[in-house]
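Participant: Take this structure, written in structure tokens, and hold onto it; I'll ask about it next.
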Amino acid sequence: MNETMPQHGFYAKVRHGMPAIIARWLDIGRGEPDRLALILAETARVAKLGEPDDTPDGAMLRAWADPQASDEVPLWAGRTAVFLLVQMPARPLPGDDAEACAWAYCWLRNRNPESFEAAREALPEHLREPLEAALKAAWTDRQGLRLV
């Protein structure tokens, strides 16, 4: 198959990493899953990171955290989880390449920087090195107009 097809490229890694972002939010967020789901949805609305049709509950959040749920995690949920995670004093890091790609993708979607350098410099210091390769891949993908 053609390597430019989405299922073989960067975006496939992003989709594969989305459940890990939700799992990380569930793991280090403070509160019960129902409360964390509410915080995620309300933050998405207030920060204009997406418009959830409905506010998910804790069971839905746990379902999205399942590694097999990569195609089910709404973009607003991943974007909002990254938005919240990068602000946490715990300084969480992505656990693998797919999760790093999802973080980088969401970072670019959340910030819409003018250049790769601006995107990298805007990252919290502790994320610059761990997200370097993923951010480059996300920037390249964005320049290819596939991040729209």
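Each chain of the structure tokens is named A, B, ... in the order shown, its residues numbered from 1; ligands are numbered from 1 in display order.
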Give me the residues near range 108-123 of chain A as a ChimeraX atom specification, where near means some atom within 12 Å (using only C-alpha atoms) and where sequence neighbours in that chain fewer than 2 positions away do not count.

Facilitator: /A:44,47-50,75-87,91,101-106,125-143,146-148

Participant: Mind writing the picked residues with N, CA and C atoms as a tab-separated table (two decimals), in the first residue's frame?

Facilitator:
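Dumped to result-v3.tsv:
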chain	number	residue	atom	x	y	z
A	44	ALA	N	-13.16	22.17	27.48
A	44	ALA	CA	-13.21	22.23	26.01
A	44	ALA	C	-14.10	23.38	25.57
A	47	ALA	N	-12.45	26.94	26.88
A	47	ALA	CA	-11.19	27.25	26.20
A	47	ALA	C	-11.33	27.21	24.68
A	48	LYS	N	-12.53	26.91	24.20
A	48	LYS	CA	-12.82	26.84	22.76
A	48	LYS	C	-11.92	25.83	22.04
A	49	LEU	N	-11.81	24.65	22.66
A	49	LEU	CA	-11.04	23.55	22.08
A	49	LEU	C	-11.94	22.53	21.40
A	50	GLY	N	-13.22	22.77	21.45
A	50	GLY	CA	-14.18	21.88	20.84
A	50	GLY	C	-15.54	22.09	21.47
A	75	LEU	N	-11.71	14.37	18.95
A	75	LEU	CA	-10.56	15.28	18.92
A	75	LEU	C	-10.62	16.30	20.05
A	76	TRP	N	-11.82	16.81	20.36
A	76	TRP	CA	-11.91	17.80	21.44
A	76	TRP	C	-11.40	17.22	22.75
A	77	ALA	N	-11.64	15.93	23.00
A	77	ALA	CA	-11.22	15.31	24.26
A	77	ALA	C	-9.70	15.21	24.33
A	78	GLY	N	-9.07	14.79	23.24
A	78	GLY	CA	-7.60	14.73	23.22
A	78	GLY	C	-6.97	16.10	23.35
A	79	ARG	N	-7.50	17.05	22.59
A	79	ARG	CA	-6.97	18.42	22.65
A	79	ARG	C	-7.10	19.00	24.05
A	80	THR	N	-8.23	18.77	24.68
A	80	THR	CA	-8.46	19.33	26.01
A	80	THR	C	-7.61	18.63	27.06
A	81	ALA	N	-7.46	17.33	26.94
A	81	ALA	CA	-6.61	16.61	27.89
A	81	ALA	C	-5.16	17.12	27.80
A	82	VAL	N	-4.66	17.32	26.60
A	82	VAL	CA	-3.30	17.87	26.45
A	82	VAL	C	-3.23	19.27	27.04
A	83	PHE	N	-4.24	20.08	26.76
A	83	PHE	CA	-4.31	21.43	27.32
A	83	PHE	C	-4.17	21.40	28.84
A	84	LEU	N	-4.87	20.47	29.48
A	84	LEU	CA	-4.83	20.36	30.94
A	84	LEU	C	-3.53	19.72	31.43
A	85	LEU	N	-3.07	18.68	30.74
A	85	LEU	CA	-1.88	17.96	31.18
A	85	LEU	C	-0.63	18.83	31.16
A	86	VAL	N	-0.47	19.67	30.15
A	86	VAL	CA	0.76	20.48	30.07
A	86	VAL	C	0.81	21.52	31.18
A	87	GLN	N	-0.30	21.79	31.83
A	87	GLN	CA	-0.34	22.77	32.91
A	87	GLN	C	-0.17	22.14	34.30
A	91	ARG	N	4.00	17.48	35.83
A	91	ARG	CA	4.82	17.47	34.63
A	91	ARG	C	4.79	16.11	33.91
A	101	CYS	N	3.11	11.55	19.56
A	101	CYS	CA	2.54	12.10	18.32
A	101	CYS	C	1.18	12.73	18.59
A	102	ALA	N	0.37	12.08	19.42
A	102	ALA	CA	-0.95	12.63	19.76
A	102	ALA	C	-0.79	13.94	20.54
A	103	TRP	N	0.14	13.99	21.48
A	103	TRP	CA	0.40	15.23	22.23
A	103	TRP	C	0.81	16.34	21.26
A	104	ALA	N	1.74	16.04	20.37
A	104	ALA	CA	2.25	17.05	19.44
A	104	ALA	C	1.14	17.54	18.50
A	105	TYR	N	0.35	16.63	17.99
A	105	TYR	CA	-0.76	16.98	17.11
A	105	TYR	C	-1.72	17.92	17.84
A	106	CYS	N	-2.10	17.54	19.06
A	106	CYS	CA	-3.03	18.37	19.84
A	106	CYS	C	-2.40	19.71	20.19
A	125	GLU	N	9.18	23.63	29.27
A	125	GLU	CA	10.57	23.15	29.16
A	125	GLU	C	10.70	21.64	29.26
A	126	HIS	N	9.97	21.02	30.19
A	126	HIS	CA	10.11	19.57	30.40
A	126	HIS	C	9.59	18.75	29.22
A	127	LEU	N	8.84	19.35	28.31
A	127	LEU	CA	8.30	18.62	27.16
A	127	LEU	C	9.09	18.84	25.87
A	128	ARG	N	9.98	19.78	25.85
A	128	ARG	CA	10.69	20.10	24.60
A	128	ARG	C	11.46	18.92	24.04
A	129	GLU	N	12.28	18.30	24.86
A	129	GLU	CA	13.05	17.16	24.36
A	129	GLU	C	12.18	15.93	24.10
A	130	PRO	N	11.30	15.54	25.03
A	130	PRO	CA	10.47	14.34	24.77
A	130	PRO	C	9.55	14.47	23.55
A	131	LEU	N	9.16	15.70	23.20
A	131	LEU	CA	8.25	15.88	22.06
A	131	LEU	C	8.96	16.35	20.78
A	132	GLU	N	10.27	16.50	20.82
A	132	GLU	CA	11.01	17.05	19.68
A	132	GLU	C	10.69	16.33	18.36
A	133	ALA	N	10.89	15.02	18.31
A	133	ALA	CA	10.68	14.28	17.06
A	133	ALA	C	9.20	14.29	16.67
A	134	ALA	N	8.32	14.09	17.63
A	134	ALA	CA	6.88	14.07	17.34
A	134	ALA	C	6.40	15.43	16.86
A	135	LEU	N	6.93	16.50	17.45
A	135	LEU	CA	6.53	17.84	17.05
A	135	LEU	C	7.00	18.14	15.63
A	136	LYS	N	8.20	17.67	15.28
A	136	LYS	CA	8.68	17.83	13.90
A	136	LYS	C	7.77	17.09	12.93
A	137	ALA	N	7.39	15.88	13.30
A	137	ALA	CA	6.49	15.10	12.43
A	137	ALA	C	5.13	15.78	12.32
A	138	ALA	N	4.63	16.31	13.43
A	138	ALA	CA	3.34	17.00	13.41
A	138	ALA	C	3.42	18.25	12.55
A	139	TRP	N	4.52	18.97	12.67
A	139	TRP	CA	4.68	20.19	11.87
A	139	TRP	C	4.74	19.85	10.38
A	140	THR	N	5.48	18.82	10.04
A	140	THR	CA	5.57	18.38	8.65
A	140	THR	C	4.21	17.97	8.13
A	141	ASP	N	3.46	17.23	8.95
A	141	ASP	CA	2.12	16.81	8.57
A	141	ASP	C	1.22	18.03	8.39
A	142	ARG	N	1.34	18.98	9.28
A	142	ARG	CA	0.52	20.21	9.20
A	142	ARG	C	0.85	20.98	7.93
A	143	GLN	N	2.11	21.06	7.60
A	143	GLN	CA	2.51	21.77	6.39
A	143	GLN	C	1.97	21.08	5.15
A	146	ARG	N	-2.63	18.30	6.18
A	146	ARG	CA	-3.45	17.19	6.65
A	146	ARG	C	-3.93	17.41	8.07
A	147	LEU	N	-3.50	18.50	8.73
A	147	LEU	CA	-3.92	18.78	10.09
A	147	LEU	C	-5.09	19.74	10.14
A	148	VAL	N	-5.83	19.85	9.09
A	148	VAL	CA	-6.95	20.79	9.08
A	148	VAL	C	-8.14	20.23	9.79

Participant: One number please: CA of Trp25 in chain A to CA of Leu40 in chain A, in Å, one decimal.

Facilitator: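 Between CA of Trp25 in chain A and CA of Leu40 in chain A the gap is 9.1 Å.
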
Participant: Excluding same-chain residues fewer than 6 positions from Met60 in chain A, what lies within 12 Å of it counting only C-alpha atoms, as a list of chain:residue names?

Facilitator: A:Pro19, A:Ile22, A:Ala23, A:Leu26, A:Pro33, A:Asp34, A:Arg35, A:Leu36, A:Ala37, A:Leu38, A:Leu40, A:Ala41, A:Asp54, A:Asp66, A:Ala69, A:Glu72, A:Val73, A:Pro74, A:Ala77

Participant: Between A:Asp97, A:Gly144, A:Leu61, A:Arg45, which residue has the minimum interatomic distance to Arg24 in chain A, considering only C-alpha atoms?

Facilitator: A:Leu61

Participant: Kindly give the distance, in Å, that separates CA of Ala90 in chain A and CA of Gln68 in chain A, rounded to a single decimal.

Facilitator: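 Calculated distance between CA of Ala90 in chain A and CA of Gln68 in chain A is 26.7 Å.
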
Participant: Could you please write out, as an MDAnalysis selection string, every residue of range 3-116 of chain A that DSSP assigns to helix (DSSP H, G or I)?

Facilitator: chainID A and resid 6:8 10:28 33:46 58:64 67:69 75:85 97:111 116
